[in-house]
Amino acid sequence: MKSISALYLAQARQFLRDRMALIFVLLLPVGFGVFFGVIFSGSSSFELNIGVANQDRGPAGAAFIEALPGEAFNLTAGTQDELTEQLWKGELHTVLVLPESMSEDLASGRTAQIEVLYDSANPTASGIGLGMVSTLLSEANLSMSGSPRTLEMVPRSVQVVHLRSVDFYLPGMLGVALLWLGVFGTAQPFAAQRETKVYRRLQVTPISKRTILTAEVSWRVTLGVLQAGIFLLVGYLAFQVGVVAWLPFIGTVLLGTLVFVSLGYAIAGIGRSLESTMGIAQLINFPMMMLSGSIISADMLPSFFKSVVQVMPLTYLSDLFRQTMVGAPGTYPMALDFAILGAWLVVLLGLAVWLWRWE
Amino acid sequence: MNQAIEVKNLRKAYGEVKAVDGLSFEVAQGEILGLLGPNGAGKTTTVECLLGLRRPDSGTIRLLGVENGSDTQSIRARMGVQLQSTGLLPQLTVREQVQLFGGLYPNALSSKAALSLVGLEEKARTPTKALSGGQQQRLAVALALVNKADLFFLDEPTTGLDPQARQSLWAVISDLRSEGKSVLLTTHYMEEASFLCDRVAIIDHGQIIEHGAPQTLIHKHFHESALEFSAVDAVEQEQLARLPGVTQALFENGHSTLYTTDVPRTMSAMYDLVTAGALAFDDLVVRQATLEDVFLKLTGRRIRS
């Protein structure tokens, strides 16, 4: 225990005083996340997209739709389920649901209730949407019967997750941060210390290799947790990005750290010198970073890359971070993400042990 | 008496090259043994085999009474090691570096005590990367001394040190012996070996070609004194070798050495040659034969060539 803490402390000091390591592993990822989130956040000019689900069994619904002034907004017709899904995706700003009994109600002089679904997470769009809809309804009221308040608006908020660009980039860059913890925070220092014969010197002390590894991996897990903390702090203070599912989030941080630390040791095992280790590291780092859907959305990539995307561990890690931090709808179910990352951990750990080189 | 180190028939080859070719030696408790040899003689390979950094092809090694390979950890806990190239973490301060290694041993000196042994107290807060070569060397020795060990391996501990630092380190190593600790030392400095070592073993081509106490070796190989002076040309060399009293003459990069049983007769003969204009030289020194002379005689080379 005494020797583990001595080694842990030495590794921590060595890391924290190395400016390059500090910048690359701890500061650059969160900086990139914020940077991308901000520069790509310019939204296009506002156009109100309204969906109308006509469930009326009589003619009044169709007449109502006919009466809507089409030039004021884009109108989409469909079933309530279809339209709600589009609302979820952010394609629609509000959805009107014309009730089944609309014709009957109007015919018998009752007030027909029209549900208006809107996205509470997007107050601007839903505010404009609701305002416009209420104007429309009063106009329709006037033109349809002459007597006021035949049609009534019932606003109903639906839980819609609205993804801003920072919601995409910040969790994605946390995934990249853990990749860099493996590449620049594990492979590089290990290869450097191996080259300067630090491990050779430690070999003639009474500590076992397991002790050295325990200390090293503990320090790197600390770094992973620290990194997640920095992302949460910056994300919360600057963008109100928090965590929506704590337990899976913590699990993701730990699993992701172990996967990429193992990757780092495996890379250092392949490389003979510091230079060759860093060459291999870059060869893995760059494609993984660009193709994993962490920086560039996987939808934007040519289909040729799709199969590569589906193999890389970072794809699943970033998917998990998006789901657990901002509650974004996942590309994959969380259980699948965890399963694939777990499989990667087994493979990379095996590779790291198999390729291990102290000298 | 219990031997701190017992090596029998150690062999290690790299391909065709026999780096260590059947070495056997012992180091007693409280003894300092010096391994002397030119570069490539097999000293470092021997030390690395003893430390378990290399696997010997054959031979037995017993450290502190324990057969090689068994109970390695508890044996290593009783050894202090200074390697020729010590891996240091560049960002750590000198004190932190010593604390790290102190933390790896069950019985360690305080970092302050270890640093004062090598005279680095004032550099305690300096980052390792900012140390000079000599300071790094002293730090490497401190990392060996921080363990309250029974057996020390010091691989060229004073290389790169200024004379003053070297002398004070000699005192520290002598103190280890008076505390009953054993030391295996390799060195390039014959003066150091003469001063520190109870016995020396001269290694060449992976074999021990001579061993014994430094004074014993000198007396065994030289009844003569040595005359040293600047280089002379080939004709002069021949004349000098035939002067009265001269038993051996060595001419070697920029140096001439005559070993003579009769200093006054040899010198007066040289004086005659000089006045006759047949000889010219500078920087004459007359001295007793040393370990360096023994080394030169046995290996045909100076140790630091």
# chains A, B, ... in the order shown; residues from 1 in each chain; ligands from 1
>>> closest_atom_pairs(of="chain B", to="chain A", cutoff="6 Å", atoms="only C-alpha atoms", output="JSON lines")
{"residue": "B:Gln73", "atom": "CA", "partner": "A:Pro206", "partner_atom": "CA", "distance": 4.6}
{"residue": "B:Arg76", "atom": "CA", "partner": "A:Pro206", "partner_atom": "CA", "distance": 4.8}
{"residue": "B:Ala77", "atom": "CA", "partner": "A:Pro206", "partner_atom": "CA", "distance": 4.9}
{"residue": "B:Gly87", "atom": "CA", "partner": "A:Val198", "partner_atom": "CA", "distance": 3.8}
{"residue": "B:Leu88", "atom": "CA", "partner": "A:Val198", "partner_atom": "CA", "distance": 5.9}
{"residue": "B:Gln91", "atom": "CA", "partner": "A:Gln14", "partner_atom": "CA", "distance": 5.0}
{"residue": "B:Leu100", "atom": "CA", "partner": "A:Ala6", "partner_atom": "CA", "distance": 5.2}
{"residue": "B:Gly103", "atom": "CA", "partner": "A:Ser3", "partner_atom": "CA", "distance": 5.3}
{"residue": "B:Leu104", "atom": "CA", "partner": "A:Ser3", "partner_atom": "CA", "distance": 4.7}
>>> residues_around(residues="segment 204-212 of chain B", least_positions_apart="4", cutoff="9 Å", atoms="only C-alpha atoms", output="ChimeraX atom specification")
/B:11-12,18-25,36-38,40-43,46,198-200,216-217,298-299
>>> select_by_dssp(residues="segment 195-345 of chain A", states="helix (DSSP H, G or I)", output="ChimeraX atom specification")
/A:195,198-203,209-239,246-270,274-291,298-300,303-309,313-325,334-345
>>> residues_around(residues="Gly119 of chain B", least_positions_apart="5", cutoff="10 Å", atoms="only C-alpha atoms", output="ChimeraX atom specification")
/B:113-114,135,138-139,142,165,168-169
>>> atom_distance(atom1="atom CA of Pro302 of chain A", atom2="atom CA of Leu28 of chain A")
27.6 Å
>>> residues_around(residues="Ser182 of chain B", least_positions_apart="4", cutoff="6 Å", atoms="only C-alpha atoms", output="mmCIF file with C-alpha atoms, in the first residue's frame")
data_model
loop_
_atom_site.group_PDB
_atom_site.id
_atom_site.type_symbol
_atom_site.label_atom_id
_atom_site.label_comp_id
_atom_site.auth_asym_id
_atom_site.auth_seq_id
_atom_site.Cartn_x
_atom_site.Cartn_y
_atom_site.Cartn_z
ATOM 1 C CA GLN B 29 29.773 -9.554 4.459
ATOM 2 C CA GLY B 30 31.346 -6.179 5.193
ATOM 3 C CA GLU B 31 33.533 -6.351 2.125
ATOM 4 C CA ILE B 32 33.867 -4.025 -0.849
ATOM 5 C CA LEU B 151 24.126 -5.254 0.045
#
>>> residues_around(residues="segment 235-252 of chain A", least_positions_apart="3", cutoff="9 Å", atoms="only C-alpha atoms", output="list in words")
Val30, Val34, Val166, Asp167, Leu170, Val225, Ala228, Ile230, Phe231, Leu232, Leu255, Gly256, Thr257, Leu317, Leu320, Phe321, Gln323, Thr324, Met325, Val326, Gly327, Met334 and Phe338 of chain A
>>> atom_distance(atom1="atom CA of Gln97 of chain B", atom2="atom CA of Ser276 of chain A")
28.2 Å
>>> residues_around(residues="segment 90-98 of chain A", least_positions_apart="2", cutoff="7 Å", atoms="only C-alpha atoms", output="PDB file with N, CA, C and O atoms, in the first residue's frame")
ATOM      1  N   LEU A  48     -41.736  28.771 -39.058  1.00  0.00           N
ATOM      2  CA  LEU A  48     -42.584  27.971 -38.185  1.00  0.00           C
ATOM      3  C   LEU A  48     -43.107  26.742 -38.925  1.00  0.00           C
ATOM      4  O   LEU A  48     -43.727  26.857 -39.979  1.00  0.00           O
ATOM      5  N   ASN A  49     -42.805  25.583 -38.362  1.00  0.00           N
ATOM      6  CA  ASN A  49     -43.299  24.330 -38.944  1.00  0.00           C
ATOM      7  C   ASN A  49     -44.403  23.779 -38.062  1.00  0.00           C
ATOM      8  O   ASN A  49     -44.161  23.472 -36.900  1.00  0.00           O
ATOM      9  N   ILE A  50     -45.600  23.702 -38.649  1.00  0.00           N
ATOM     10  CA  ILE A  50     -46.738  23.231 -37.861  1.00  0.00           C
ATOM     11  C   ILE A  50     -47.271  21.943 -38.444  1.00  0.00           C
ATOM     12  O   ILE A  50     -47.389  21.790 -39.669  1.00  0.00           O
ATOM     13  N   GLY A  51     -47.527  21.000 -37.566  1.00  0.00           N
ATOM     14  CA  GLY A  51     -48.136  19.753 -37.999  1.00  0.00           C
ATOM     15  C   GLY A  51     -49.605  19.741 -37.602  1.00  0.00           C
ATOM     16  O   GLY A  51     -49.963  20.255 -36.537  1.00  0.00           O
ATOM     17  N   VAL A  52     -50.460  19.198 -38.463  1.00  0.00           N
ATOM     18  CA  VAL A  52     -51.880  19.093 -38.117  1.00  0.00           C
ATOM     19  C   VAL A  52     -52.315  17.645 -38.228  1.00  0.00           C
ATOM     20  O   VAL A  52     -52.155  17.014 -39.278  1.00  0.00           O
ATOM     21  N   ALA A  53     -52.796  17.109 -37.116  1.00  0.00           N
ATOM     22  CA  ALA A  53     -53.340  15.751 -37.138  1.00  0.00           C
ATOM     23  C   ALA A  53     -54.859  15.872 -37.111  1.00  0.00           C
ATOM     24  O   ALA A  53     -55.436  16.286 -36.104  1.00  0.00           O
ATOM     25  N   ASN A  54     -55.460  15.541 -38.209  1.00  0.00           N
ATOM     26  CA  ASN A  54     -56.912  15.686 -38.310  1.00  0.00           C
ATOM     27  C   ASN A  54     -57.583  14.371 -37.947  1.00  0.00           C
ATOM     28  O   ASN A  54     -57.566  13.414 -38.697  1.00  0.00           O
ATOM     29  N   GLN A  55     -58.169  14.345 -36.739  1.00  0.00           N
ATOM     30  CA  GLN A  55     -58.837  13.116 -36.307  1.00  0.00           C
ATOM     31  C   GLN A  55     -60.357  13.247 -36.406  1.00  0.00           C
ATOM     32  O   GLN A  55     -61.099  12.347 -36.012  1.00  0.00           O
ATOM     33  N   ASP A  56     -60.813  14.393 -36.909  1.00  0.00           N
ATOM     34  CA  ASP A  56     -62.266  14.659 -36.959  1.00  0.00           C
ATOM     35  C   ASP A  56     -62.958  13.684 -37.895  1.00  0.00           C
ATOM     36  O   ASP A  56     -62.504  13.451 -39.022  1.00  0.00           O
ATOM     37  N   GLY A  61     -62.995  19.518 -39.553  1.00  0.00           N
ATOM     38  CA  GLY A  61     -61.529  19.500 -39.489  1.00  0.00           C
ATOM     39  C   GLY A  61     -60.919  19.923 -40.804  1.00  0.00           C
ATOM     40  O   GLY A  61     -60.053  20.805 -40.852  1.00  0.00           O
ATOM     41  N   GLN A  80     -51.166  11.689 -35.311  1.00  0.00           N
ATOM     42  CA  GLN A  80     -50.592  12.329 -34.127  1.00  0.00           C
ATOM     43  C   GLN A  80     -49.234  11.725 -33.790  1.00  0.00           C
ATOM     44  O   GLN A  80     -48.286  12.435 -33.433  1.00  0.00           O
ATOM     45  N   LEU A  83     -46.488  12.898 -36.246  1.00  0.00           N
ATOM     46  CA  LEU A  83     -46.151  14.305 -36.053  1.00  0.00           C
ATOM     47  C   LEU A  83     -45.417  14.528 -34.737  1.00  0.00           C
ATOM     48  O   LEU A  83     -44.500  15.344 -34.654  1.00  0.00           O
ATOM     49  N   GLN A  86     -41.891  13.808 -35.241  1.00  0.00           N
ATOM     50  CA  GLN A  86     -41.197  14.914 -35.925  1.00  0.00           C
ATOM     51  C   GLN A  86     -40.941  16.076 -34.985  1.00  0.00           C
ATOM     52  O   GLN A  86     -39.922  16.759 -35.080  1.00  0.00           O
ATOM     53  N   LEU A  87     -41.875  16.267 -34.058  1.00  0.00           N
ATOM     54  CA  LEU A  87     -41.691  17.303 -33.043  1.00  0.00           C
ATOM     55  C   LEU A  87     -40.471  16.963 -32.190  1.00  0.00           C
ATOM     56  O   LEU A  87     -39.649  17.818 -31.863  1.00  0.00           O
ATOM     57  N   TRP A  88     -40.357  15.707 -31.865  1.00  0.00           N
ATOM     58  CA  TRP A  88     -39.215  15.205 -31.100  1.00  0.00           C
ATOM     59  C   TRP A  88     -37.908  15.492 -31.797  1.00  0.00           C
ATOM     60  O   TRP A  88     -36.929  15.852 -31.198  1.00  0.00           O
ATOM     61  N   GLU A 100     -61.624  14.038 -32.564  1.00  0.00           N
ATOM     62  CA  GLU A 100     -62.584  13.215 -33.312  1.00  0.00           C
ATOM     63  C   GLU A 100     -63.963  13.860 -33.379  1.00  0.00           C
ATOM     64  O   GLU A 100     -64.656  13.797 -34.383  1.00  0.00           O
ATOM     65  N   MET A 102     -64.900  16.922 -33.370  1.00  0.00           N
ATOM     66  CA  MET A 102     -64.903  18.343 -33.713  1.00  0.00           C
ATOM     67  C   MET A 102     -66.177  18.759 -34.459  1.00  0.00           C
ATOM     68  O   MET A 102     -66.847  19.732 -34.084  1.00  0.00           O
ATOM     69  N   ILE A 114     -59.007  21.924 -29.299  1.00  0.00           N
ATOM     70  CA  ILE A 114     -57.891  21.549 -30.174  1.00  0.00           C
ATOM     71  C   ILE A 114     -56.618  21.502 -29.339  1.00  0.00           C
ATOM     72  O   ILE A 114     -56.224  22.499 -28.725  1.00  0.00           O
ATOM     73  N   GLU A 115     -55.996  20.320 -29.307  1.00  0.00           N
ATOM     74  CA  GLU A 115     -54.751  20.200 -28.547  1.00  0.00           C
ATOM     75  C   GLU A 115     -53.602  20.786 -29.349  1.00  0.00           C
ATOM     76  O   GLU A 115     -53.487  20.538 -30.547  1.00  0.00           O
ATOM     77  N   VAL A 116     -52.761  21.543 -28.675  1.00  0.00           N
ATOM     78  CA  VAL A 116     -51.571  22.080 -29.329  1.00  0.00           C
ATOM     79  C   VAL A 116     -50.345  21.525 -28.609  1.00  0.00           C
ATOM     80  O   VAL A 116     -50.120  21.806 -27.438  1.00  0.00           O
ATOM     81  N   LEU A 117     -49.597  20.684 -29.301  1.00  0.00           N
ATOM     82  CA  LEU A 117     -48.397  20.108 -28.694  1.00  0.00           C
ATOM     83  C   LEU A 117     -47.216  21.005 -29.029  1.00  0.00           C
ATOM     84  O   LEU A 117     -47.061  21.438 -30.170  1.00  0.00           O
ATOM     85  N   TYR A 118     -46.409  21.273 -28.028  1.00  0.00           N
ATOM     86  CA  TYR A 118     -45.235  22.097 -28.296  1.00  0.00           C
ATOM     87  C   TYR A 118     -44.057  21.612 -27.470  1.00  0.00           C
ATOM     88  O   TYR A 118     -44.202  20.823 -26.552  1.00  0.00           O
ATOM     89  N   ASP A 119     -42.899  22.123 -27.828  1.00  0.00           N
ATOM     90  CA  ASP A 119     -41.645  21.693 -27.196  1.00  0.00           C
ATOM     91  C   ASP A 119     -41.281  22.678 -26.109  1.00  0.00           C
ATOM     92  O   ASP A 119     -40.874  23.798 -26.386  1.00  0.00           O
ATOM     93  N   ALA A 125     -39.306  28.878 -30.071  1.00  0.00           N
ATOM     94  CA  ALA A 125     -40.123  28.298 -31.129  1.00  0.00           C
ATOM     95  C   ALA A 125     -41.537  28.034 -30.647  1.00  0.00           C
ATOM     96  O   ALA A 125     -42.520  28.368 -31.320  1.00  0.00           O
ATOM     97  N   SER A 126     -41.646  27.466 -29.446  1.00  0.00           N
ATOM     98  CA  SER A 126     -42.995  27.124 -28.999  1.00  0.00           C
ATOM     99  C   SER A 126     -43.789  28.380 -28.656  1.00  0.00           C
ATOM    100  O   SER A 126     -44.998  28.429 -28.859  1.00  0.00           O
ATOM    101  N   GLY A 129     -44.930  29.712 -31.878  1.00  0.00           N
ATOM    102  CA  GLY A 129     -45.913  28.744 -32.370  1.00  0.00           C
ATOM    103  C   GLY A 129     -47.249  28.903 -31.680  1.00  0.00           C
ATOM    104  O   GLY A 129     -48.295  29.021 -32.328  1.00  0.00           O
ATOM    105  N   HIS A 162     -34.509  18.971 -26.917  1.00  0.00           N
ATOM    106  CA  HIS A 162     -34.048  19.765 -28.027  1.00  0.00           C
ATOM    107  C   HIS A 162     -32.534  19.790 -28.024  1.00  0.00           C
ATOM    108  O   HIS A 162     -31.904  20.232 -27.088  1.00  0.00           O
TER     109      HIS A 162
END
>>> residues_around(residues="Thr277 of chain A", least_positions_apart="6", cutoff="8 Å", atoms="only C-alpha atoms", output="JSON, numbers by chain")
{"A": [187, 188, 191, 267, 268, 270, 271]}
>>> write_last_selection(atoms="N, CA, C and O atoms", output="JSON list (two decimals), in the first residue's frame")
[["chain", "number", "residue", "atom", "x", "y", "z"],
["A", 187, "ALA", "N", -0.19, 5.90, -23.33],
["A", 187, "ALA", "CA", 0.82, 5.35, -24.24],
["A", 187, "ALA", "C", 2.09, 6.20, -24.24],
["A", 187, "ALA", "O", 3.20, 5.68, -24.13],
["A", 188, "GLN", "N", 1.91, 7.52, -24.34],
["A", 188, "GLN", "CA", 3.07, 8.41, -24.43],
["A", 188, "GLN", "C", 3.95, 8.39, -23.18],
["A", 188, "GLN", "O", 5.15, 8.11, -23.28],
["A", 191, "ALA", "N", 5.66, 4.94, -22.76],
["A", 191, "ALA", "CA", 6.77, 4.71, -23.70],
["A", 191, "ALA", "C", 7.96, 5.59, -23.34],
["A", 191, "ALA", "O", 9.12, 5.16, -23.43],
["A", 267, "ILE", "N", -0.97, 0.05, -27.40],
["A", 267, "ILE", "CA", -0.19, 0.83, -28.38],
["A", 267, "ILE", "C", 1.28, 0.86, -27.96],
["A", 267, "ILE", "O", 2.19, 0.63, -28.77],
["A", 268, "ALA", "N", 1.51, 1.13, -26.65],
["A", 268, "ALA", "CA", 2.90, 1.18, -26.16],
["A", 268, "ALA", "C", 3.57, -0.19, -26.29],
["A", 268, "ALA", "O", 4.78, -0.28, -26.43],
["A", 270, "ILE", "N", 3.02, -2.28, -28.81],
["A", 270, "ILE", "CA", 3.39, -2.47, -30.22],
["A", 270, "ILE", "C", 4.63, -1.64, -30.55],
["A", 270, "ILE", "O", 5.55, -2.11, -31.19],
["A", 271, "GLY", "N", 4.64, -0.38, -30.08],
["A", 271, "GLY", "CA", 5.75, 0.52, -30.40],
["A", 271, "GLY", "C", 7.03, 0.11, -29.69],
["A", 271, "GLY", "O", 7.00, -0.28, -28.53]]
>>> select_by_dssp(residues="segment 117-340 of chain A", states="strand (DSSP E)", output="list in words")
Leu117, Tyr118, Asp119, Leu151, Glu152, Met153, Val154, Pro155, Arg156, Ser157 and Val158 of chain A
>>> write_last_selection(atoms="N, CA, C and O atoms", output="PDB file, in the first residue's frame")
ATOM      1  N   LEU A 117     -49.597  20.684 -29.301  1.00  0.00           N
ATOM      2  CA  LEU A 117     -48.397  20.108 -28.694  1.00  0.00           C
ATOM      3  C   LEU A 117     -47.216  21.005 -29.029  1.00  0.00           C
ATOM      4  O   LEU A 117     -47.061  21.438 -30.170  1.00  0.00           O
ATOM      5  N   TYR A 118     -46.409  21.273 -28.028  1.00  0.00           N
ATOM      6  CA  TYR A 118     -45.235  22.097 -28.296  1.00  0.00           C
ATOM      7  C   TYR A 118     -44.057  21.612 -27.470  1.00  0.00           C
ATOM      8  O   TYR A 118     -44.202  20.823 -26.552  1.00  0.00           O
ATOM      9  N   ASP A 119     -42.899  22.123 -27.828  1.00  0.00           N
ATOM     10  CA  ASP A 119     -41.645  21.693 -27.196  1.00  0.00           C
ATOM     11  C   ASP A 119     -41.281  22.678 -26.109  1.00  0.00           C
ATOM     12  O   ASP A 119     -40.874  23.798 -26.386  1.00  0.00           O
ATOM     13  N   LEU A 151     -63.981  27.411 -31.017  1.00  0.00           N
ATOM     14  CA  LEU A 151     -62.784  26.572 -30.979  1.00  0.00           C
ATOM     15  C   LEU A 151     -61.920  27.037 -29.817  1.00  0.00           C
ATOM     16  O   LEU A 151     -61.748  28.228 -29.601  1.00  0.00           O
ATOM     17  N   GLU A 152     -61.408  26.090 -29.072  1.00  0.00           N
ATOM     18  CA  GLU A 152     -60.580  26.470 -27.935  1.00  0.00           C
ATOM     19  C   GLU A 152     -59.233  25.774 -28.028  1.00  0.00           C
ATOM     20  O   GLU A 152     -59.152  24.608 -28.403  1.00  0.00           O
ATOM     21  N   MET A 153     -58.224  26.515 -27.675  1.00  0.00           N
ATOM     22  CA  MET A 153     -56.887  25.947 -27.741  1.00  0.00           C
ATOM     23  C   MET A 153     -56.523  25.326 -26.404  1.00  0.00           C
ATOM     24  O   MET A 153     -56.700  25.927 -25.360  1.00  0.00           O
ATOM     25  N   VAL A 154     -56.063  24.107 -26.417  1.00  0.00           N
ATOM     26  CA  VAL A 154     -55.575  23.473 -25.190  1.00  0.00           C
ATOM     27  C   VAL A 154     -54.075  23.196 -25.357  1.00  0.00           C
ATOM     28  O   VAL A 154     -53.705  22.202 -25.973  1.00  0.00           O
ATOM     29  N   PRO A 155     -53.249  24.077 -24.860  1.00  0.00           N
ATOM     30  CA  PRO A 155     -51.803  23.828 -25.023  1.00  0.00           C
ATOM     31  C   PRO A 155     -51.369  22.657 -24.153  1.00  0.00           C
ATOM     32  O   PRO A 155     -51.801  22.523 -23.018  1.00  0.00           O
ATOM     33  N   ARG A 156     -50.550  21.789 -24.698  1.00  0.00           N
ATOM     34  CA  ARG A 156     -50.040  20.670 -23.911  1.00  0.00           C
ATOM     35  C   ARG A 156     -48.550  20.526 -24.216  1.00  0.00           C
ATOM     36  O   ARG A 156     -48.162  20.329 -25.360  1.00  0.00           O
ATOM     37  N   SER A 157     -47.787  20.599 -23.186  1.00  0.00           N
ATOM     38  CA  SER A 157     -46.343  20.449 -23.381  1.00  0.00           C
ATOM     39  C   SER A 157     -45.995  18.975 -23.536  1.00  0.00           C
ATOM     40  O   SER A 157     -46.495  18.136 -22.822  1.00  0.00           O
ATOM     41  N   VAL A 158     -45.199  18.663 -24.515  1.00  0.00           N
ATOM     42  CA  VAL A 158     -44.690  17.292 -24.597  1.00  0.00           C
ATOM     43  C   VAL A 158     -43.195  17.332 -24.301  1.00  0.00           C
ATOM     44  O   VAL A 158     -42.505  18.287 -24.625  1.00  0.00           O
TER      45      VAL A 158
END
>>> atom_distance(atom1="atom CA of Ser218 of chain A", atom2="atom CA of Pro106 of chain B")
22.1 Å
